Amino acid sequence: MNVNIGIVMKLIGLLFLFLTVSATADALKAVPDDTYIFNKSKIRIEGKLSPFEATVEIEDFGLQKYILKIYLHSAFAAIPPSFNLEVKFPLEKINQIWNSKTWSNKSFFTLPSYDRAAAEFSIISGLTINDQNQITLTCKDAYKAKFVSSNIREENDSIVFYLGFFEDNPPLSNLQDYQAEVLVDFSNVHFSKAIFDASSWFLTDEFKLGVASVDTTNVPVFSTWYPMHRNIPLENITRELDSLRTFNFKSVLVDDGWQSLVKMKIDTSYQYENNSFKTMNLFKQKCIEMGLPLYLWYSIPFMGGNPVILKKFEGKYIRYRAPRQMSVLDPRYPEVRKHLVSTYANFLTEWQFDGYWFDFLKEFYPKEGALIEQDKGRDFVNIQLAVDTLYADMEARLKTIKPNIFMGQKFMDVGPNLVSYQSLLTGFVGVENTQVVREKMVNNRLLYGKFTPFMEVVAINPREKPEDIARKLQSVLFGNPYLSFFVTTLPQESKQTIRFWLDYWKRNHKVLFEGNFEPMQVSRFYPVIRVDNDHKTIYMLYGDYSISLPVVLNSTFDVINSKVSESVQFLLAKPGLQYNYEIFNCKGVSTEKGIMKGKNKNSFDFLVPSAGFIRVTPFSNQH
């Protein structure tokens, strides 16, 4: 009996050992094979640090997220050193790159050069072919990361992500200590979430202080840009303002071109001929009558051929633009900044309009062709700091005249920086430009989410097909509508198209701006964008893509076909599913409706008019 008990105990012990080993093996299987192990061996600091010494500490910041704390110390104050923080990552895991400092990232081994108008802080991400995040990095410091760049390089079987510190235009003051934090995110999420999380981490203080806000009170915006550049008299534009009511515009921008209406006396530094105000005044009064805020476009850097001004600021220009016969003032001179502030303050006092839209601020920055003049009393060496000071002084002065004045700016690239002077973008006319515009819009949304101030003027001419007009509006649907056209010459179907898509933007604003925002396929310039909330899903197709429908559909699916071709394909989770559908053309007119029945099919192909859309809803026999 004792022997039997011993044998039983041994068997129980062996069974327990087997179960333990099995459980351990299962637990090991549960750990993903591709989990990236991050430690100091993956980090490297390179550069001439002397007289500084550098240390880096790693802190956990959540699941697969880390904060690198960089400390630089010198025994005495010195110029900040130029150095790189490098992080190695397996090359095989990366198929696409996203970078806040540039755009058109078709090949991440030939990144385009950076632009001063790009976002002022660096976020760089490595993604899979399916747009899943593999690694995202960004940095913040006491300078709001203005002196930090981002880039990558290939090194054997690794891709090296690196942040460059103080490479170009370092701060002027000497330092004894410097600290920076770098967020490194390896979480397996859609890249859009990783980028916005990184941006939110960088902009935490701005979001808390309410610097970033969502205000669509004055959008859509109507701009006079297109008709003025077609030499249509302002009197004619004024007469058609009443017809803009039917488009539901909320404000008016007197855009580039108004300067030819207001004539300056040639022998004075700031005097306008009184008669030249008459036409503009009529336009202004009409806007007041309609309850539309009036904004005035102004280009800050350029100085025309007024002999008084040219002589007054002789030698205080950055460059001369020969084709346009314009000089670019140098904001590093206090008298230049004072003149610019006074010019806008005087004009605001006399006109009492609602705001300025500043333009071409990037022209302040030196580039090829810049004039190198002897210093005649500059109080700044750094142009960026001088422009920041100019904008701060101008804002303070203008708000003493009109406390609620709107101050907006336009830029050409990814931008903007919510907490500085970059907030709006420039315009386009042809439908062939929609890809570039779309890319800028998406990059802007990735950085700032619902706080995006993206606006790109869409000019519409009377010869365009309604489909092309709709596709242009669809290229900016996830931003703020800003349109320019001359109503009188537009065909009725063009007006109908514009009204429909402005109304679509308004009715779907909540999902467009506050829903989950997922652009897809970075390397193809985002041919597909998906937004959704609990009540609605919208797919925007700029290229071919198959839409997967859920087994149980509890909300409305809109699939907008912003392609030239009409083919739209749906994939079903299993055969036998049924959905209701309705197809609309680019003017919002219903062209077909029915039931999608998947008896023995896993996919459905529809012909949806170019720039139209198909709406899929839960199945109902009463459809």
# chains A, B, ... in the order shown; residues from 1 in each chain; ligands from 1
$ residues_around --residues "Glu92 (chain A)" --least-positions-apart "4" --cutoff "9 Å" --atoms "only C-alpha atoms" --output "ChimeraX atom specification"
/A:157-159
$ write_last_selection --atoms "N, CA and C atoms" --output "PDB file, in the first residue's frame"
ATOM      1  N   ASP A 157      21.216  46.537 -40.910  1.00  0.00           N
ATOM      2  CA  ASP A 157      19.854  46.004 -40.863  1.00  0.00           C
ATOM      3  C   ASP A 157      18.944  46.842 -39.969  1.00  0.00           C
ATOM      4  N   SER A 158      19.370  48.064 -39.695  1.00  0.00           N
ATOM      5  CA  SER A 158      18.584  48.942 -38.817  1.00  0.00           C
ATOM      6  C   SER A 158      18.243  50.241 -39.531  1.00  0.00           C
ATOM      7  N   ILE A 159      17.214  50.874 -39.031  1.00  0.00           N
ATOM      8  CA  ILE A 159      16.913  52.243 -39.437  1.00  0.00           C
ATOM      9  C   ILE A 159      17.133  53.102 -38.195  1.00  0.00           C
TER      10      ILE A 159
END
$ residues_around --residues "Pro527 (chain A)" --least-positions-apart "4" --cutoff "7 Å" --atoms "only C-alpha atoms" --output "list in words"
Met520, Gln521, Leu541, Tyr542 and Gly543 of chain A
$ write_last_selection --atoms "C-alpha atoms" --output "PDB file, in the first residue's frame"
ATOM      1  CA  MET A 520      -4.482  55.400 -44.716  1.00  0.00           C
ATOM      2  CA  GLN A 521      -1.445  54.620 -46.871  1.00  0.00           C
ATOM      3  CA  LEU A 541     -11.966  57.488 -51.422  1.00  0.00           C
ATOM      4  CA  TYR A 542      -9.365  59.442 -53.383  1.00  0.00           C
ATOM      5  CA  GLY A 543      -8.078  56.148 -54.814  1.00  0.00           C
TER       6      GLY A 543
END
$ atom_distance --atom1 "CA of Ile129 (chain A)" --atom2 "CA of Ile94 (chain A)"
7.7 Å
$ residues_around --residues "region 580-590 of chain A" --least-positions-apart "6" --cutoff "9 Å" --atoms "only C-alpha atoms" --output "PyMOL selection string"
chain A and resi 466-467+469-471+493-494+496-501+596-597+607-621+623
$ write_last_selection --atoms "C-alpha atoms" --output "mmCIF file, in the first residue's frame"
data_model
loop_
_atom_site.group_PDB
_atom_site.id
_atom_site.type_symbol
_atom_site.label_atom_id
_atom_site.label_comp_id
_atom_site.auth_asym_id
_atom_site.auth_seq_id
_atom_site.Cartn_x
_atom_site.Cartn_y
_atom_site.Cartn_z
ATOM 1 C CA PRO A 466 -19.681 70.007 -61.231
ATOM 2 C CA GLU A 467 -17.726 66.774 -60.612
ATOM 3 C CA ILE A 469 -15.884 71.325 -58.202
ATOM 4 C CA ALA A 470 -17.114 68.619 -55.837
ATOM 5 C CA ARG A 471 -13.742 66.847 -55.868
ATOM 6 C CA GLU A 493 -25.471 73.134 -61.422
ATOM 7 C CA SER A 494 -22.177 74.524 -60.093
ATOM 8 C CA GLN A 496 -26.081 73.455 -56.522
ATOM 9 C CA THR A 497 -22.884 71.430 -56.091
ATOM 10 C CA ILE A 498 -21.269 74.060 -53.862
ATOM 11 C CA ARG A 499 -24.386 74.438 -51.713
ATOM 12 C CA PHE A 500 -24.729 70.689 -51.255
ATOM 13 C CA TRP A 501 -21.158 70.070 -50.096
ATOM 14 C CA MET A 596 -27.434 44.842 -50.951
ATOM 15 C CA LYS A 597 -27.985 41.063 -50.667
ATOM 16 C CA LEU A 607 -20.920 52.242 -59.931
ATOM 17 C CA VAL A 608 -20.967 55.448 -57.890
ATOM 18 C CA PRO A 609 -20.786 58.707 -59.893
ATOM 19 C CA SER A 610 -17.447 60.488 -59.666
ATOM 20 C CA ALA A 611 -17.564 62.947 -56.732
ATOM 21 C CA GLY A 612 -20.846 61.383 -55.601
ATOM 22 C CA PHE A 613 -21.362 58.978 -52.723
ATOM 23 C CA ILE A 614 -23.138 55.808 -51.641
ATOM 24 C CA ARG A 615 -24.930 55.616 -48.297
ATOM 25 C CA VAL A 616 -25.233 52.196 -46.625
ATOM 26 C CA THR A 617 -27.700 51.779 -43.742
ATOM 27 C CA PRO A 618 -28.956 48.869 -41.567
ATOM 28 C CA PHE A 619 -31.283 46.542 -43.463
ATOM 29 C CA SER A 620 -34.982 47.381 -43.419
ATOM 30 C CA ASN A 621 -37.785 45.916 -45.561
ATOM 31 C CA HIS A 623 -36.547 50.916 -47.496
#
$ closest_atom_pairs --of "region 118-233 of chain A" --to "region 273-293 of chain A" --cutoff "10 Å" --atoms "only C-alpha atoms" --output "CSV"
residue,atom,partner,partner_atom,distance
A:Asn218,CA,A:Pro293,CA,7.5
A:Val221,CA,A:Pro293,CA,9.6
A:Phe222,CA,A:Leu292,CA,9.9
A:Pro233,CA,A:Thr279,CA,9.5
$ write_last_selection --atoms "N, CA and C atoms" --output "PDB file, in the first residue's frame"
ATOM      1  N   ASN A 218     -17.239  81.595 -37.733  1.00  0.00           N
ATOM      2  CA  ASN A 218     -17.081  82.408 -38.939  1.00  0.00           C
ATOM      3  C   ASN A 218     -16.721  81.603 -40.182  1.00  0.00           C
ATOM      4  N   VAL A 221     -15.967  80.560 -45.072  1.00  0.00           N
ATOM      5  CA  VAL A 221     -15.504  81.906 -45.400  1.00  0.00           C
ATOM      6  C   VAL A 221     -15.599  82.120 -46.911  1.00  0.00           C
ATOM      7  N   PHE A 222     -16.147  83.274 -47.310  1.00  0.00           N
ATOM      8  CA  PHE A 222     -16.127  83.651 -48.728  1.00  0.00           C
ATOM      9  C   PHE A 222     -14.974  84.616 -48.957  1.00  0.00           C
ATOM     10  N   PRO A 233     -14.685  94.218 -61.003  1.00  0.00           N
ATOM     11  CA  PRO A 233     -14.749  95.375 -60.099  1.00  0.00           C
ATOM     12  C   PRO A 233     -15.402  95.030 -58.766  1.00  0.00           C
TER      13      PRO A 233
END
$ atom_distance --atom1 "CA of Ser74 (chain A)" --atom2 "CA of Val87 (chain A)"
24.4 Å
$ residues_around --residues "Val458 (chain A)" --least-positions-apart "3" --cutoff "12 Å" --atoms "only C-alpha atoms" --output "JSON, numbers by chain"
{"A": [220, 221, 222, 223, 224, 225, 226, 425, 426, 427, 428, 429, 430, 431, 433, 434, 437, 455, 461, 468, 469, 470, 471, 472, 473, 474, 475, 476, 477, 479, 480, 481, 482, 483, 484, 485, 498]}
$ closest_residue --among "A:Phe196, A:Ser523, A:Glu464, A:Arg507" --to "Thr128 (chain A)" --atoms "only C-alpha atoms"
A:Ser523
$ closest_residue --among "A:Thr349, A:Thr136, A:Gln492, A:Asn508" --to "Leu398 (chain A)" --atoms "only C-alpha atoms"
A:Thr349
$ closest_residue --among "A:Glu86, A:Glu314, A:Asp379, A:Asp354" --to "Tyr333 (chain A)" --atoms "only C-alpha atoms"
A:Asp379
$ residues_around --residues "Asn602 (chain A)" --least-positions-apart "4" --cutoff "8 Å" --atoms "only C-alpha atoms" --output "ChimeraX atom specification"
/A:571-575,598
$ write_last_selection --atoms "C-alpha atoms" --output "PDB file, in the first residue's frame"
ATOM      1  CA  LEU A 571     -16.339  43.385 -48.710  1.00  0.00           C
ATOM      2  CA  LEU A 572     -18.797  41.415 -46.558  1.00  0.00           C
ATOM      3  CA  ALA A 573     -17.760  39.615 -43.384  1.00  0.00           C
ATOM      4  CA  LYS A 574     -19.782  36.558 -44.488  1.00  0.00           C
ATOM      5  CA  PRO A 575     -22.354  35.604 -47.147  1.00  0.00           C
ATOM      6  CA  GLY A 598     -24.999  38.826 -50.096  1.00  0.00           C
TER       7      GLY A 598
END
$ residues_around --residues "region 145-156 of chain A" --least-positions-apart "2" --cutoff "7 Å" --atoms "only C-alpha atoms" --output "VMD selection string"
chain A and resid 120 to 122 124 139 to 141 143 158 to 166 170
$ select_by_dssp --residues "region 49-169 of chain A" --states "strand (DSSP E or B)" --output "PyMOL selection string"
chain A and resi 53-60+65-78+83-90+96-99+123-127+132-141+148-155+158-165
$ write_last_selection --atoms "C-alpha atoms" --output "compact mmCIF listing (two decimals), in the first residue's frame"
# COMPACT_ATOMS: atom_id res chain seq x y z
CA GLU A 53 28.68 66.16 -20.34
CA ALA A 54 25.51 64.29 -21.29
CA THR A 55 23.42 61.67 -19.50
CA VAL A 56 20.24 59.92 -20.63
CA GLU A 57 17.71 58.19 -18.38
CA ILE A 58 14.81 55.99 -19.53
CA GLU A 59 11.44 56.10 -17.76
CA ASP A 60 8.35 53.99 -18.49
CA LYS A 65 5.97 54.02 -24.23
CA TYR A 66 9.07 55.64 -22.76
CA ILE A 67 10.40 59.06 -21.84
CA LEU A 68 14.09 59.70 -22.44
CA LYS A 69 15.38 62.39 -20.10
CA ILE A 70 18.42 64.14 -21.51
CA TYR A 71 20.65 66.17 -19.21
CA LEU A 72 23.57 68.35 -20.33
CA HIS A 73 25.86 70.03 -17.80
CA SER A 74 28.97 72.18 -18.12
CA ALA A 75 31.24 73.55 -15.42
CA PHE A 76 30.82 76.99 -17.00
CA ALA A 77 28.30 78.70 -19.30
CA ALA A 78 28.86 77.95 -22.99
CA PHE A 83 24.39 66.88 -31.12
CA ASN A 84 22.10 64.02 -32.18
CA LEU A 85 20.06 61.61 -30.10
CA GLU A 86 19.80 58.38 -32.10
CA VAL A 87 17.43 55.43 -31.63
CA LYS A 88 17.98 52.20 -33.57
CA PHE A 89 15.06 50.12 -34.84
CA PRO A 90 14.87 46.99 -37.06
CA GLN A 96 6.60 53.99 -44.39
CA ILE A 97 7.76 57.17 -42.67
CA TRP A 98 5.75 60.15 -41.43
CA ASN A 99 7.50 63.40 -40.49
CA ILE A 123 7.42 64.27 -34.73
CA ILE A 124 8.71 61.36 -36.77
CA SER A 125 7.07 57.94 -37.11
CA GLY A 126 7.95 54.58 -38.65
CA LEU A 127 4.93 52.58 -39.85
CA GLN A 132 0.29 50.62 -37.85
CA ASN A 133 2.71 52.51 -35.65
CA GLN A 134 6.06 50.86 -34.96
CA ILE A 135 7.95 53.79 -33.48
CA THR A 136 7.12 57.47 -32.94
CA LEU A 137 9.45 60.09 -31.46
CA THR A 138 9.05 63.69 -30.43
CA CYS A 139 10.81 66.06 -28.07
CA LYS A 140 10.08 69.01 -25.82
CA ASP A 141 12.29 71.40 -23.92
CA VAL A 148 15.24 70.31 -32.69
CA SER A 149 15.09 68.61 -36.10
CA SER A 150 14.24 65.02 -37.04
CA ASN A 151 15.54 62.65 -39.68
CA ILE A 152 16.46 59.03 -40.43
CA ARG A 153 19.17 56.98 -42.07
CA GLU A 154 19.74 53.33 -42.93
CA GLU A 155 22.50 51.51 -41.06
CA SER A 158 18.58 48.94 -38.82
CA ILE A 159 16.91 52.24 -39.44
CA VAL A 160 18.25 55.01 -37.21
CA PHE A 161 15.81 57.68 -36.09
CA TYR A 162 17.57 60.75 -34.84
CA LEU A 163 16.71 64.10 -33.35
CA GLY A 164 19.20 66.86 -34.04
CA PHE A 165 19.69 69.48 -31.31
$ residues_around --residues "Ile401 (chain A)" --least-positions-apart "3" --cutoff "9 Å" --atoms "only C-alpha atoms" --output "list in words"
Ala345, Leu348, Thr349, Gln352, Arg397, Leu398 and Ile405 of chain A
$ write_last_selection --atoms "N, CA and C atoms" --output "PDB file, in the first residue's frame"
ATOM      1  N   ALA A 345      -2.050  99.361 -37.368  1.00  0.00           N
ATOM      2  CA  ALA A 345      -2.862 100.020 -36.334  1.00  0.00           C
ATOM      3  C   ALA A 345      -3.611 101.212 -36.926  1.00  0.00           C
ATOM      4  N   LEU A 348      -6.427  99.961 -39.159  1.00  0.00           N
ATOM      5  CA  LEU A 348      -7.529  99.413 -38.364  1.00  0.00           C
ATOM      6  C   LEU A 348      -8.336 100.529 -37.715  1.00  0.00           C
ATOM      7  N   THR A 349      -7.658 101.554 -37.201  1.00  0.00           N
ATOM      8  CA  THR A 349      -8.351 102.684 -36.575  1.00  0.00           C
ATOM      9  C   THR A 349      -9.286 103.363 -37.566  1.00  0.00           C
ATOM     10  N   GLN A 352     -11.879 100.108 -39.034  1.00  0.00           N
ATOM     11  CA  GLN A 352     -12.682  99.386 -38.040  1.00  0.00           C
ATOM     12  C   GLN A 352     -13.313  98.112 -38.616  1.00  0.00           C
ATOM     13  N   ARG A 397      -0.862  95.851 -29.756  1.00  0.00           N
ATOM     14  CA  ARG A 397      -1.289  97.177 -30.228  1.00  0.00           C
ATOM     15  C   ARG A 397      -2.687  97.129 -30.846  1.00  0.00           C
ATOM     16  N   LEU A 398      -2.936  96.148 -31.693  1.00  0.00           N
ATOM     17  CA  LEU A 398      -4.229  96.067 -32.374  1.00  0.00           C
ATOM     18  C   LEU A 398      -5.362  95.774 -31.396  1.00  0.00           C
ATOM     19  N   ILE A 405     -10.233  91.516 -32.094  1.00  0.00           N
ATOM     20  CA  ILE A 405      -9.767  91.427 -33.480  1.00  0.00           C
ATOM     21  C   ILE A 405      -9.258  90.024 -33.787  1.00  0.00           C
TER      22      ILE A 405
END
